[in-house]
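Q: See query02.tsv below, with TSV, C-alpha atoms and all ligand atoms.
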chain	number	residue	atom	x	y	z
A	1	MET	CA	82.19	-25.83	-6.56
A	2	ILE	CA	84.00	-22.88	-8.17
A	3	LEU	CA	82.49	-19.43	-7.91
A	4	PRO	CA	84.05	-17.02	-10.36
A	5	LYS	CA	84.30	-13.28	-9.63
A	6	SER	CA	82.41	-12.50	-12.83
A	7	ASN	CA	79.07	-13.98	-13.95
A	8	ARG	CA	80.83	-16.74	-15.86
A	9	LEU	CA	84.29	-17.94	-16.79
A	10	THR	CA	85.73	-17.08	-20.17
A	11	PRO	CA	86.59	-20.06	-22.40
A	12	VAL	CA	90.27	-19.58	-21.58
A	13	GLN	CA	89.58	-19.54	-17.84
A	14	LEU	CA	87.33	-22.58	-18.15
A	15	ALA	CA	90.06	-24.44	-19.99
A	16	GLU	CA	92.54	-23.53	-17.25
A	17	VAL	CA	90.36	-24.77	-14.36
A	18	THR	CA	89.43	-27.89	-16.35
A	19	GLY	CA	93.14	-28.58	-16.79
A	20	ILE	CA	93.85	-28.15	-13.09
A	21	VAL	CA	91.05	-30.40	-11.84
A	22	GLY	CA	91.88	-32.90	-14.59
A	23	GLU	CA	95.29	-33.42	-13.00
A	24	PHE	CA	93.43	-34.64	-9.91
A	25	GLY	CA	91.04	-36.93	-11.79
A	26	CYS	CA	88.10	-34.48	-11.70
A	27	THR	CA	86.03	-32.74	-14.35
A	28	ILE	CA	84.11	-29.46	-14.43
A	29	GLN	CA	80.35	-29.22	-14.90
A	30	PRO	CA	79.02	-25.69	-15.48
A	31	ILE	CA	75.64	-25.09	-13.79
A	32	ILE	CA	73.92	-22.30	-15.66
A	33	GLY	CA	71.68	-20.18	-13.45
A	34	ALA	CA	69.58	-17.21	-14.47
A	35	LEU	CA	72.10	-14.68	-13.17
A	36	ARG	CA	75.41	-16.48	-13.00
A	37	THR	CA	77.12	-19.72	-13.83
A	38	ILE	CA	78.88	-21.75	-11.19
A	39	TYR	CA	81.19	-24.66	-11.82
A	40	ALA	CA	80.83	-27.98	-10.03
A	41	ILE	CA	83.96	-30.03	-9.55
A	42	VAL	CA	82.83	-33.54	-10.38
A	43	GLY	CA	84.86	-36.25	-8.69
A	44	ASP	CA	86.74	-36.40	-5.42
A	45	GLU	CA	87.32	-32.74	-4.65
A	46	ARG	CA	89.06	-33.24	-1.32
A	47	ASP	CA	92.61	-32.73	-2.49
A	48	ASP	CA	93.96	-29.61	-0.77
A	49	LEU	CA	96.59	-29.03	-3.43
A	50	MET	CA	93.91	-28.86	-6.13
A	51	ILE	CA	91.81	-26.46	-4.03
A	52	ASN	CA	94.84	-24.27	-3.28
A	53	ARG	CA	95.69	-23.99	-6.94
A	54	LEU	CA	92.11	-23.06	-7.84
A	55	GLU	CA	91.91	-20.54	-5.00
A	56	GLY	CA	95.08	-18.96	-6.31
A	57	LEU	CA	93.48	-17.98	-9.63
A	58	ASP	CA	92.73	-14.26	-9.71
A	59	TYR	CA	89.35	-14.72	-11.40
A	60	VAL	CA	88.06	-17.14	-8.75
A	61	GLU	CA	86.05	-15.64	-5.89
A	62	ARG	CA	86.00	-18.78	-3.77
A	63	ILE	CA	85.78	-22.55	-3.75
A	64	ASP	CA	82.96	-24.17	-1.82
A	65	ARG	CA	83.48	-27.64	-0.48
A	66	ILE	CA	80.22	-29.16	0.66
A	67	GLN	CA	80.41	-32.59	2.22
A	68	SER	CA	77.04	-33.86	1.15
A	69	PRO	CA	75.83	-36.77	-0.97
A	70	PHE	CA	73.97	-34.15	-3.01
A	71	LYS	CA	76.32	-31.21	-3.10
A	72	LEU	CA	74.40	-29.33	-5.83
A	73	MET	CA	70.94	-29.87	-4.39
A	74	ASP	CA	72.14	-29.19	-0.85
A	75	LYS	CA	70.75	-26.09	0.80
A	76	ARG	CA	74.31	-24.93	1.50
A	77	SER	CA	75.13	-25.06	-2.21
A	78	ASP	CA	75.50	-21.83	-4.13
A	79	LEU	CA	72.60	-23.03	-6.23
A	80	ALA	CA	70.41	-22.10	-3.27
A	81	SER	CA	70.01	-18.67	-4.80
A	82	HIS	CA	68.78	-20.19	-8.08
A	83	ARG	CA	65.18	-19.29	-8.89
A	84	ILE	CA	63.01	-21.36	-11.20
A	85	ARG	CA	60.60	-19.47	-13.40
A	86	LEU	CA	57.71	-21.32	-15.01
A	87	GLY	CA	54.44	-20.15	-16.50
A	88	GLY	CA	55.18	-16.55	-15.50
A	89	VAL	CA	55.77	-17.49	-11.86
A	90	THR	CA	58.98	-17.49	-9.89
A	91	LEU	CA	58.71	-20.53	-7.67
A	92	GLY	CA	58.62	-19.49	-4.05
A	93	GLU	CA	57.12	-16.08	-4.77
A	94	GLU	CA	53.64	-17.32	-5.57
A	95	LEU	CA	51.89	-20.69	-5.25
A	96	PHE	CA	52.61	-22.57	-8.47
A	97	VAL	CA	49.85	-24.85	-9.73
A	98	ILE	CA	50.06	-27.54	-12.39
A	99	ALA	CA	46.71	-29.11	-13.25
A	100	GLY	CA	45.10	-31.22	-15.93
A	101	PRO	CA	44.05	-34.73	-16.83
A	102	CYS	CA	45.99	-37.80	-15.79
A	103	THR	CA	45.83	-39.14	-19.31
A	104	ILE	CA	45.15	-37.56	-22.68
A	105	ASP	CA	42.52	-39.56	-24.56
A	106	PRO	CA	43.71	-39.60	-28.18
A	107	LYS	CA	40.22	-40.54	-29.38
A	108	ASN	CA	38.56	-37.59	-27.68
A	109	PRO	CA	40.90	-34.61	-27.88
A	110	ASN	CA	38.15	-32.16	-27.00
A	111	TYR	CA	38.12	-33.41	-23.43
A	112	PHE	CA	41.74	-32.32	-23.17
A	113	TYR	CA	41.15	-28.95	-24.82
A	114	GLU	CA	38.17	-28.24	-22.59
A	115	SER	CA	40.08	-29.41	-19.52
A	116	ALA	CA	43.02	-27.21	-20.47
A	117	ALA	CA	40.72	-24.19	-20.79
A	118	ALA	CA	39.15	-24.99	-17.41
A	119	VAL	CA	42.59	-25.36	-15.81
A	120	LYS	CA	43.57	-21.93	-17.08
A	121	GLU	CA	40.28	-20.43	-15.96
A	122	ALA	CA	40.81	-21.93	-12.48
A	123	GLY	CA	44.11	-20.07	-12.22
A	124	ALA	CA	46.74	-22.78	-12.75
A	125	GLN	CA	49.98	-21.71	-14.42
A	126	MET	CA	50.86	-24.99	-16.14
A	127	ILE	CA	48.85	-27.76	-17.76
A	128	ARG	CA	49.60	-31.42	-17.21
A	129	GLY	CA	48.54	-34.27	-19.46
A	130	GLY	CA	49.86	-37.80	-19.77
A	131	VAL	CA	50.95	-38.78	-23.27
A	132	TRP	CA	52.70	-41.99	-22.14
A	133	LYS	CA	51.37	-43.72	-19.03
A	134	PRO	CA	53.02	-46.07	-16.55
A	135	ARG	CA	50.20	-48.48	-15.74
A	136	THR	CA	50.29	-51.13	-13.05
A	137	ASN	CA	48.09	-53.35	-15.20
A	138	PRO	CA	49.79	-54.21	-18.53
A	139	TYR	CA	46.43	-54.63	-20.26
A	140	THR	CA	45.21	-51.10	-19.60
A	141	PHE	CA	45.77	-48.10	-21.90
A	142	GLN	CA	49.49	-47.28	-21.97
A	143	GLY	CA	49.32	-43.90	-23.67
A	144	ASP	CA	49.87	-42.92	-27.26
A	145	THR	CA	52.58	-40.78	-28.87
A	146	ARG	CA	49.88	-39.16	-31.01
A	147	SER	CA	48.61	-37.48	-27.86
A	148	MET	CA	51.65	-35.20	-28.00
A	149	ASP	CA	49.95	-33.15	-30.72
A	150	ILE	CA	46.89	-32.81	-28.51
A	151	LEU	CA	49.01	-31.71	-25.57
A	152	LEU	CA	50.67	-29.05	-27.72
A	153	GLU	CA	47.38	-27.85	-29.13
A	154	GLY	CA	46.06	-27.50	-25.57
A	155	SER	CA	49.15	-25.45	-24.77
A	156	ARG	CA	48.72	-23.30	-27.87
A	157	ARG	CA	45.04	-22.62	-27.19
A	158	THR	CA	45.63	-21.59	-23.58
A	159	GLY	CA	49.07	-20.06	-23.87
A	160	LEU	CA	50.15	-22.14	-20.86
A	161	PRO	CA	53.27	-24.32	-20.73
A	162	VAL	CA	52.85	-28.07	-20.35
A	163	ASP	CA	54.13	-30.93	-18.22
A	164	THR	CA	54.17	-34.57	-19.30
A	165	GLU	CA	55.77	-37.75	-18.04
A	166	VAL	CA	58.66	-39.35	-19.91
A	167	MET	CA	59.14	-43.02	-19.16
A	168	GLU	CA	61.99	-44.00	-21.41
A	169	GLU	CA	64.88	-42.38	-23.22
A	170	ALA	CA	63.06	-42.30	-26.56
A	171	HIS	CA	60.34	-40.12	-25.02
A	172	ILE	CA	62.78	-37.42	-23.94
A	173	SER	CA	63.74	-36.15	-27.38
A	174	VAL	CA	60.15	-36.36	-28.62
A	175	ALA	CA	58.99	-34.22	-25.69
A	176	LEU	CA	61.84	-31.72	-25.98
A	177	GLU	CA	61.48	-31.33	-29.73
A	178	ALA	CA	57.76	-30.78	-29.26
A	179	GLY	CA	58.52	-27.94	-26.82
A	180	VAL	CA	57.31	-29.50	-23.56
A	181	THR	CA	58.38	-27.16	-20.74
A	182	CYS	CA	58.42	-29.64	-17.87
A	183	LEU	CA	59.43	-33.29	-18.07
A	184	GLN	CA	57.86	-35.41	-15.36
A	185	VAL	CA	59.66	-38.40	-13.85
A	186	GLY	CA	57.05	-40.71	-12.38
A	187	ALA	CA	57.09	-42.45	-9.02
A	188	ARG	CA	57.91	-45.77	-10.68
A	189	ASN	CA	60.96	-44.30	-12.42
A	190	ALA	CA	62.11	-42.05	-9.59
A	191	LEU	CA	65.11	-44.29	-8.95
A	192	ASN	CA	65.78	-45.24	-12.57
A	193	TYR	CA	69.24	-43.72	-12.60
A	194	SER	CA	69.91	-44.29	-16.27
A	195	LEU	CA	66.69	-42.43	-17.13
A	196	LEU	CA	67.60	-39.65	-14.68
A	197	ARG	CA	71.02	-39.34	-16.27
A	198	ALA	CA	69.54	-39.31	-19.76
A	199	ILE	CA	67.15	-36.55	-18.75
A	200	GLY	CA	69.96	-34.59	-17.11
A	201	ARG	CA	72.03	-34.86	-20.27
A	202	ALA	CA	69.10	-33.87	-22.49
A	203	VAL	CA	67.95	-30.83	-20.50
A	204	ALA	CA	71.43	-29.44	-19.83
A	205	GLY	CA	71.63	-25.88	-21.07
A	206	ARG	CA	67.87	-25.63	-21.65
A	207	GLU	CA	65.21	-23.79	-19.71
A	208	THR	CA	63.25	-27.04	-19.46
A	209	ALA	CA	62.23	-28.05	-15.94
A	210	VAL	CA	61.95	-31.52	-14.43
A	211	LEU	CA	59.21	-32.54	-11.99
A	212	LEU	CA	60.69	-35.44	-10.05
A	213	LYS	CA	58.16	-37.57	-8.19
A	214	ARG	CA	59.16	-39.25	-4.96
A	215	SER	CA	59.70	-42.97	-5.26
A	216	ILE	CA	56.53	-44.95	-4.62
A	217	HIS	CA	58.21	-47.11	-1.95
A	218	MET	CA	58.80	-44.58	0.79
A	219	GLY	CA	62.12	-43.30	-0.44
A	220	PRO	CA	64.06	-41.69	2.40
A	221	VAL	CA	64.55	-37.92	2.18
A	222	ASN	CA	68.22	-38.24	1.17
A	223	GLU	CA	67.44	-40.80	-1.51
A	224	PHE	CA	64.85	-38.46	-3.02
A	225	ILE	CA	67.22	-35.48	-3.10
A	226	SER	CA	70.07	-37.64	-4.43
A	227	ALA	CA	67.85	-38.70	-7.35
A	228	ALA	CA	67.46	-35.00	-8.18
A	229	GLU	CA	71.25	-34.61	-7.97
A	230	TYR	CA	71.57	-37.05	-10.89
A	231	ILE	CA	69.77	-34.50	-13.05
A	232	ALA	CA	71.40	-31.39	-11.61
A	233	ALA	CA	74.87	-32.88	-12.06
A	234	PHE	CA	74.50	-32.39	-15.83
A	235	GLY	CA	73.98	-28.68	-15.40
A	236	ASN	CA	70.24	-27.93	-15.25
A	237	PRO	CA	69.03	-26.83	-11.82
A	238	ASN	CA	65.33	-26.41	-12.78
A	239	ILE	CA	64.16	-29.29	-10.63
A	240	LEU	CA	60.89	-29.54	-8.73
A	241	LEU	CA	60.55	-32.18	-6.01
A	242	CYS	CA	57.16	-33.85	-5.97
A	243	PRO	CA	55.95	-35.96	-3.03
A	244	ARG	CA	52.96	-37.97	-4.29
A	245	GLY	CA	52.19	-40.48	-1.56
A	246	THR	CA	53.97	-43.73	-0.83
A	247	ALA	CA	53.02	-47.40	-0.78
A	248	PRO	CA	51.48	-49.13	1.07
A	249	GLY	CA	48.48	-46.86	1.15
A	250	LEU	CA	46.87	-45.62	4.30
A	251	ASP	CA	43.63	-47.56	4.71
A	252	GLY	CA	41.12	-45.92	2.36
A	253	TYR	CA	43.68	-43.83	0.49
A	254	ARG	CA	45.47	-44.91	-2.67
A	255	ASN	CA	48.85	-44.23	-1.09
A	256	HIS	CA	50.15	-42.97	2.21
A	257	PRO	CA	49.93	-39.16	2.00
A	258	ASP	CA	53.41	-37.68	2.41
A	259	GLU	CA	52.98	-33.93	2.13
A	260	SER	CA	54.44	-33.85	5.65
A	261	ILE	CA	57.87	-34.59	4.16
A	262	THR	CA	57.92	-31.01	2.81
A	263	PRO	CA	59.59	-29.28	5.81
A	264	LEU	CA	62.19	-32.08	5.94
A	265	LEU	CA	63.03	-31.52	2.29
A	266	LYS	CA	63.20	-27.79	2.79
A	267	GLU	CA	65.65	-28.22	5.62
A	268	LYS	CA	68.07	-30.05	3.34
A	269	THR	CA	67.58	-28.67	-0.15
A	270	TRP	CA	66.80	-25.39	-1.86
A	271	ALA	CA	64.67	-27.10	-4.51
A	272	PRO	CA	61.00	-26.10	-4.65
A	273	VAL	CA	58.51	-28.69	-3.44
A	274	VAL	CA	55.43	-29.24	-5.62
A	275	VAL	CA	53.12	-31.73	-3.91
A	276	ASP	CA	50.79	-34.05	-5.85
A	277	PRO	CA	47.79	-34.77	-3.61
A	278	SER	CA	45.87	-36.53	-6.41
A	279	HIS	CA	48.00	-39.69	-6.50
A	280	SER	CA	48.56	-39.44	-2.78
A	281	VAL	CA	44.93	-39.90	-1.70
A	282	GLY	CA	43.60	-41.24	-5.01
A	283	LYS	CA	40.05	-40.00	-4.69
A	284	ALA	CA	38.75	-36.63	-5.83
A	285	ALA	CA	36.78	-36.06	-2.62
A	286	TYR	CA	39.94	-36.18	-0.50
A	287	VAL	CA	42.18	-34.14	-2.79
A	288	PRO	CA	41.25	-30.59	-1.62
A	289	ALA	CA	42.09	-31.34	2.02
A	290	SER	CA	45.37	-32.98	1.04
A	291	ALA	CA	46.21	-30.01	-1.19
A	292	LEU	CA	45.64	-27.58	1.68
A	293	ALA	CA	47.69	-29.77	4.02
A	294	ALA	CA	50.55	-29.60	1.52
A	295	VAL	CA	50.40	-25.80	1.48
A	296	ALA	CA	50.25	-25.74	5.28
A	297	TYR	CA	53.40	-27.86	5.35
A	298	GLY	CA	55.16	-25.29	3.18
A	299	ALA	CA	54.76	-26.58	-0.37
A	300	ASP	CA	55.69	-24.13	-3.13
A	301	GLY	CA	53.26	-25.68	-5.56
A	302	LEU	CA	50.66	-28.32	-6.30
A	303	CYS	CA	50.22	-30.82	-9.11
A	304	LEU	CA	46.52	-31.65	-9.38
A	305	GLU	CA	44.66	-33.99	-11.67
A	306	ALA	CA	41.63	-32.25	-13.12
A	307	HIS	CA	39.25	-33.04	-15.96
A	308	VAL	CA	36.31	-31.24	-17.47
A	309	SER	CA	34.22	-34.39	-17.03
A	310	PRO	CA	36.05	-36.91	-14.83
A	311	SER	CA	33.67	-39.77	-15.54
A	312	HIS	CA	34.55	-39.50	-19.24
A	313	GLY	CA	38.28	-39.51	-18.55
A	314	ILE	CA	40.70	-42.41	-18.78
A	315	GLY	CA	43.59	-43.53	-16.55
A	316	ASP	CA	43.15	-42.10	-13.06
A	317	ASP	CA	40.71	-39.40	-14.07
A	318	PRO	CA	37.37	-41.07	-13.24
A	319	LYS	CA	38.58	-41.60	-9.65
A	320	GLN	CA	40.90	-38.72	-8.86
A	321	ALA	CA	40.36	-35.82	-11.20
A	322	LEU	CA	38.86	-32.67	-9.74
A	323	THR	CA	36.01	-31.06	-11.64
A	324	PRO	CA	36.66	-27.52	-12.88
A	325	GLU	CA	34.58	-26.10	-10.00
A	326	SER	CA	36.41	-28.12	-7.38
A	327	LEU	CA	39.77	-27.24	-8.94
A	328	ALA	CA	38.97	-23.52	-8.92
A	329	GLU	CA	37.87	-23.64	-5.28
A	330	THR	CA	40.89	-25.70	-4.24
A	331	ILE	CA	43.26	-23.26	-5.93
A	332	ARG	CA	41.46	-20.30	-4.36
A	333	GLN	CA	41.71	-21.76	-0.87
A	334	ALA	CA	45.27	-22.96	-1.40
A	335	ARG	CA	46.35	-19.47	-2.48
A	336	ALA	CA	44.64	-17.91	0.53
A	337	LEU	CA	46.39	-20.36	2.86
A	338	TRP	CA	49.71	-19.80	1.08
A	339	ARG	CA	49.41	-16.04	1.68
A	340	LEU	CA	48.43	-16.63	5.28
A	341	ARG	CA	51.46	-18.85	5.81
A	342	ARG	CA	53.75	-16.29	4.26
A	343	GLY	CA	52.19	-13.56	6.37
A	344	VAL	CA	52.64	-15.61	9.52
A	345	LYS	CA	56.26	-16.30	8.59
A	346	ALA	CA	56.94	-12.65	7.80
A	347	GLY	CA	55.38	-11.46	11.08
B	1	LIG	C1	50.68	-39.29	-13.06
B	1	LIG	O1	51.14	-38.17	-12.76
B	1	LIG	O2	49.65	-39.45	-13.72
B	1	LIG	C2	51.38	-40.49	-12.54
B	1	LIG	C3	51.34	-41.65	-13.15
B	1	LIG	O3	52.01	-40.21	-11.39
B	1	LIG	P1	52.89	-41.14	-10.43
B	1	LIG	O4	54.15	-41.41	-11.15
B	1	LIG	O5	53.05	-40.27	-9.22
B	1	LIG	O6	52.08	-42.39	-10.14
B	2	MN	MN	47.56	-40.14	-12.86
Here is the file; what I need is its structure written in the form of structure tokens.

A:
Amino acid sequence: MILPKSNRLTPVQLAEVTGIVGEFGCTIQPIIGALRTIYAIVGDERDDLMINRLEGLDYVERIDRIQSPFKLMDKRSDLASHRIRLGGVTLGEELFVIAGPCTIDPKNPNYFYESAAAVKEAGAQMIRGGVWKPRTNPYTFQGDTRSMDILLEGSRRTGLPVDTEVMEEAHISVALEAGVTCLQVGARNALNYSLLRAIGRAVAGRETAVLLKRSIHMGPVNEFISAAEYIAAFGNPNILLCPRGTAPGLDGYRNHPDESITPLLKEKTWAPVVVDPSHSVGKAAYVPASALAAVAYGADGLCLEAHVSPSHGIGDDPKQALTPESLAETIRQARALWRLRRGVKAG
């Protein structure tokens, strides 16, 4: 990783460092942060001669060599000072809440608009809504591209940014062209490396964020962070890590709640952790407790399924979606606990 003395390298300087690392079989990937750009050396960066030559350049402050399978996502990386700003919130400075229906019903757009209004009223900073849905049963509703217009209208009416899942490469450009702020990678695609690479390539240089769910099958901590590295390696560090429960489920829950992985993630990576208790426990009645547990474990945010009338929803909504009242109360309590945690830490 090359840290220049100035905020970014000039084109001439960039060409010079690219030439040097090229002689050693490496390439340069700029990682554009809010305040400064740093330059990852992609490839085997262990050659001392290459490092010496880079360190000798008068515009280079230093070269960081991190021995880690995820050198960009690693807590020791210079990206650790990167801050992600979404929906008016800087992650880590305030509890960040994404909420909304599991699935947008293209036949009943008003449910989405009313849900979006309720989500805003409850104090969430981003609206979620599934346009395309990964369904275990191939005969159930799989989503509908026409729902994108409904998602955008919900965003326009509330003024809040939106998050939606992309399941295949073709979805990525549709979502980005529509102006979706946060692309979600679902638990079933969390290890789909070609999709992760395609997303990384597509969001490079944009302010777009990516909410990466943890793999459904108990992905180890390093595997989860390495999946995020696939995206970061293309140059966009706006990545949120989302534990959402793992299979097999704990008796009575849809999955095995895994909010407790949060401190382990935080030990290894700087990336914010946004826990999804809805898919974790799978039943609306259990979601508030799981949400609070996530905050107690140190989560920076929550992703909650919520619907203005869950029984009229589709996908997971009849089972898992919080009502507007329950959402508002959960957010209120979660924020209070978040402040308490911060206070305890500060004291
Ligand atoms: C969802 O967010 O609605 C969803 C399908 O999530 P997951 O990928 O975690 O199952
Ligand atoms: Mn869902």

Q: Can you tell me which residues surround Arg188 (chain A) at a distance of at most 10 Å, considering all atoms listed in the file, apart from same-chain residues fewer than 3 positions away, and format the answer as a list of chain:residue names?

A: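 Selected residues are A:Pro134, A:Arg135, A:Thr136, A:Met167, A:Val185, A:Leu191, A:Asn192, A:Lys213, A:Arg214, A:Ser215, A:Ile216, A:His217.
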
Q: With 9 Å as the cut-off and all atoms listed in the file counted, what is the closest atom pair between each nearby residue of chain A and ligand LIG 1 (chain B)? Distances in Å to one decimal, ordered by chain and number, as JSON lines.

A:
{"residue": "A:Pro101", "atom": "CA", "partner": "B:LIG1", "partner_atom": "O2", "distance": 8.0}
{"residue": "A:Cys102", "atom": "CA", "partner": "B:LIG1", "partner_atom": "O2", "distance": 4.5}
{"residue": "A:Thr103", "atom": "CA", "partner": "B:LIG1", "partner_atom": "O2", "distance": 6.8}
{"residue": "A:Arg128", "atom": "CA", "partner": "B:LIG1", "partner_atom": "O1", "distance": 8.2}
{"residue": "A:Gly129", "atom": "CA", "partner": "B:LIG1", "partner_atom": "O2", "distance": 7.8}
{"residue": "A:Gly130", "atom": "CA", "partner": "B:LIG1", "partner_atom": "O2", "distance": 6.3}
{"residue": "A:Lys133", "atom": "CA", "partner": "B:LIG1", "partner_atom": "C3", "distance": 6.2}
{"residue": "A:Pro134", "atom": "CA", "partner": "B:LIG1", "partner_atom": "C3", "distance": 5.8}
{"residue": "A:Arg135", "atom": "CA", "partner": "B:LIG1", "partner_atom": "C3", "distance": 7.4}
{"residue": "A:Thr164", "atom": "CA", "partner": "B:LIG1", "partner_atom": "O1", "distance": 8.1}
{"residue": "A:Glu165", "atom": "CA", "partner": "B:LIG1", "partner_atom": "O1", "distance": 7.0}
{"residue": "A:Gln184", "atom": "CA", "partner": "B:LIG1", "partner_atom": "O1", "distance": 7.7}
{"residue": "A:Val185", "atom": "CA", "partner": "B:LIG1", "partner_atom": "O4", "distance": 6.8}
{"residue": "A:Gly186", "atom": "CA", "partner": "B:LIG1", "partner_atom": "O4", "distance": 3.2}
{"residue": "A:Ala187", "atom": "CA", "partner": "B:LIG1", "partner_atom": "O4", "distance": 3.8}
{"residue": "A:Arg188", "atom": "CA", "partner": "B:LIG1", "partner_atom": "O4", "distance": 5.8}
{"residue": "A:Asn189", "atom": "CA", "partner": "B:LIG1", "partner_atom": "O4", "distance": 7.5}
{"residue": "A:Ala190", "atom": "CA", "partner": "B:LIG1", "partner_atom": "O4", "distance": 8.1}
{"residue": "A:Leu212", "atom": "CA", "partner": "B:LIG1", "partner_atom": "O4", "distance": 8.9}
{"residue": "A:Lys213", "atom": "CA", "partner": "B:LIG1", "partner_atom": "O5", "distance": 5.9}
{"residue": "A:Arg214", "atom": "CA", "partner": "B:LIG1", "partner_atom": "O5", "distance": 7.5}
{"residue": "A:Ser215", "atom": "CA", "partner": "B:LIG1", "partner_atom": "O5", "distance": 8.2}
{"residue": "A:Ile216", "atom": "CA", "partner": "B:LIG1", "partner_atom": "O5", "distance": 7.4}
{"residue": "A:Cys242", "atom": "CA", "partner": "B:LIG1", "partner_atom": "O5", "distance": 8.3}
{"residue": "A:Pro243", "atom": "CA", "partner": "B:LIG1", "partner_atom": "O5", "distance": 8.1}
{"residue": "A:Arg244", "atom": "CA", "partner": "B:LIG1", "partner_atom": "O5", "distance": 5.4}
{"residue": "A:Gly245", "atom": "CA", "partner": "B:LIG1", "partner_atom": "O5", "distance": 7.7}
{"residue": "A:Asp276", "atom": "CA", "partner": "B:LIG1", "partner_atom": "O5", "distance": 7.4}
{"residue": "A:Ser278", "atom": "CA", "partner": "B:LIG1", "partner_atom": "O1", "distance": 8.4}
{"residue": "A:His279", "atom": "CA", "partner": "B:LIG1", "partner_atom": "O5", "distance": 5.8}
{"residue": "A:Ser280", "atom": "CA", "partner": "B:LIG1", "partner_atom": "O5", "distance": 7.9}
{"residue": "A:Cys303", "atom": "CA", "partner": "B:LIG1", "partner_atom": "O1", "distance": 8.3}
{"residue": "A:Leu304", "atom": "CA", "partner": "B:LIG1", "partner_atom": "O1", "distance": 8.7}
{"residue": "A:Glu305", "atom": "CA", "partner": "B:LIG1", "partner_atom": "O2", "distance": 7.7}
{"residue": "A:Gly315", "atom": "CA", "partner": "B:LIG1", "partner_atom": "O2", "distance": 7.8}
{"residue": "A:Asp316", "atom": "CA", "partner": "B:LIG1", "partner_atom": "O2", "distance": 7.1}
{"residue": "A:Asp317", "atom": "CA", "partner": "B:LIG1", "partner_atom": "O2", "distance": 8.9}

Q: Which residues are near region 88-95 of chain A? Cut-off 10 Å, all atoms listed in the file, ignore same chain within fewer than 3 positions. Put them as a count of residues only.

A: 27

Q: Identify, on the basis of all atoms listed in the file, every residue whose closest approach to Thr246 (chain A) does not exceed 7 Å; exclude the query and any residue fewer than 3 positions from it along the same chain; express the result as a PyMOL selection string.

A: chain A and resi 216-218+249+255-258

Q: Return the single residue from A:Val287, A:Ala296, A:Ala306, A:Leu340 that is closest to Pro263 (chain A), with distances computed using only C-alpha atoms.

A: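 Among A:Val287, A:Ala296, A:Ala306, A:Leu340, it is A:Ala296 that comes nearest to Pro263 (chain A).
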
Q: Calculate how many Å separate CA of Lys283 (chain A) from CA of Lys319 (chain A), rounding to one decimal.

A: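 Computing it gives 5.4 Å between the two atoms.
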
Q: For region 77-79 of chain A, list every protein, DNA or RNA residue within 9 Å, evaluated using all atoms listed in the file, and leave out those in the same chain fewer than 6 positions away; present the list as a VMD selection string.

A: chain A and resid 1 3 31 33 38 64 to 66 71 237 269 to 270

Q: Just want the 10 Å neighbourhood of Asn108 (chain A), counted on all atoms listed in the file, with same-chain residues fewer than 5 positions away dropped. Output as a list in words.

A: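 Once the adjacent positions are removed, what remains is Tyr113, Ile150, His312 and Gly313 of chain A.
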
Q: Kindly indicate which residue among A:Gly179, A:Gly143, A:Pro288, A:Gly343 lies nearest to ligand MN 2 (chain B), using all atoms listed in the file for the distances.

A: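 For ligand MN 2 (chain B), the nearest of the candidates is A:Gly143.
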
Q: Select, from A:Ala170, A:Met148, A:Val131, A:Ile261, the residue with the minimum atom-to-atom distance to ligand MN 2 (chain B), counting all atoms listed in the file.

A: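 Comparing A:Ala170, A:Met148, A:Val131, A:Ile261 against ligand MN 2 (chain B), the winner is A:Val131.
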
Q: Kindly give the distance, in Å, that separates CA of Ala228 (chain A) and CA of Arg197 (chain A), rounded to a single decimal.

A: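 Value for the CA of Ala228 (chain A)-CA of Arg197 (chain A) distance: 9.8 Å.
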
Q: Can you measure CA of Glu61 (chain A) to CA of Ile231 (chain A) for me? One decimal in Å is fine.

A: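 These atoms are spaced 25.9 Å apart.
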
Q: Counting only C-alpha atoms, which of A:Arg206, A:Asp105, A:Arg332, A:Pro138 gets nearest to Ala34 (chain A)?

A: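 Counting only C-alpha atoms, the residue closest to Ala34 (chain A) is A:Arg206.
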
Q: Could you check the closest approach to ligand MN 2 (chain B) for each of A:Asn137, A:Ser173, A:Gln320, A:Thr262 and tell me which residue wins, using only C-alpha atoms and all ligand atoms?

A: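 Going through A:Asn137, A:Ser173, A:Gln320, A:Thr262 one by one, the smallest distance to ligand MN 2 (chain B) is for A:Gln320.
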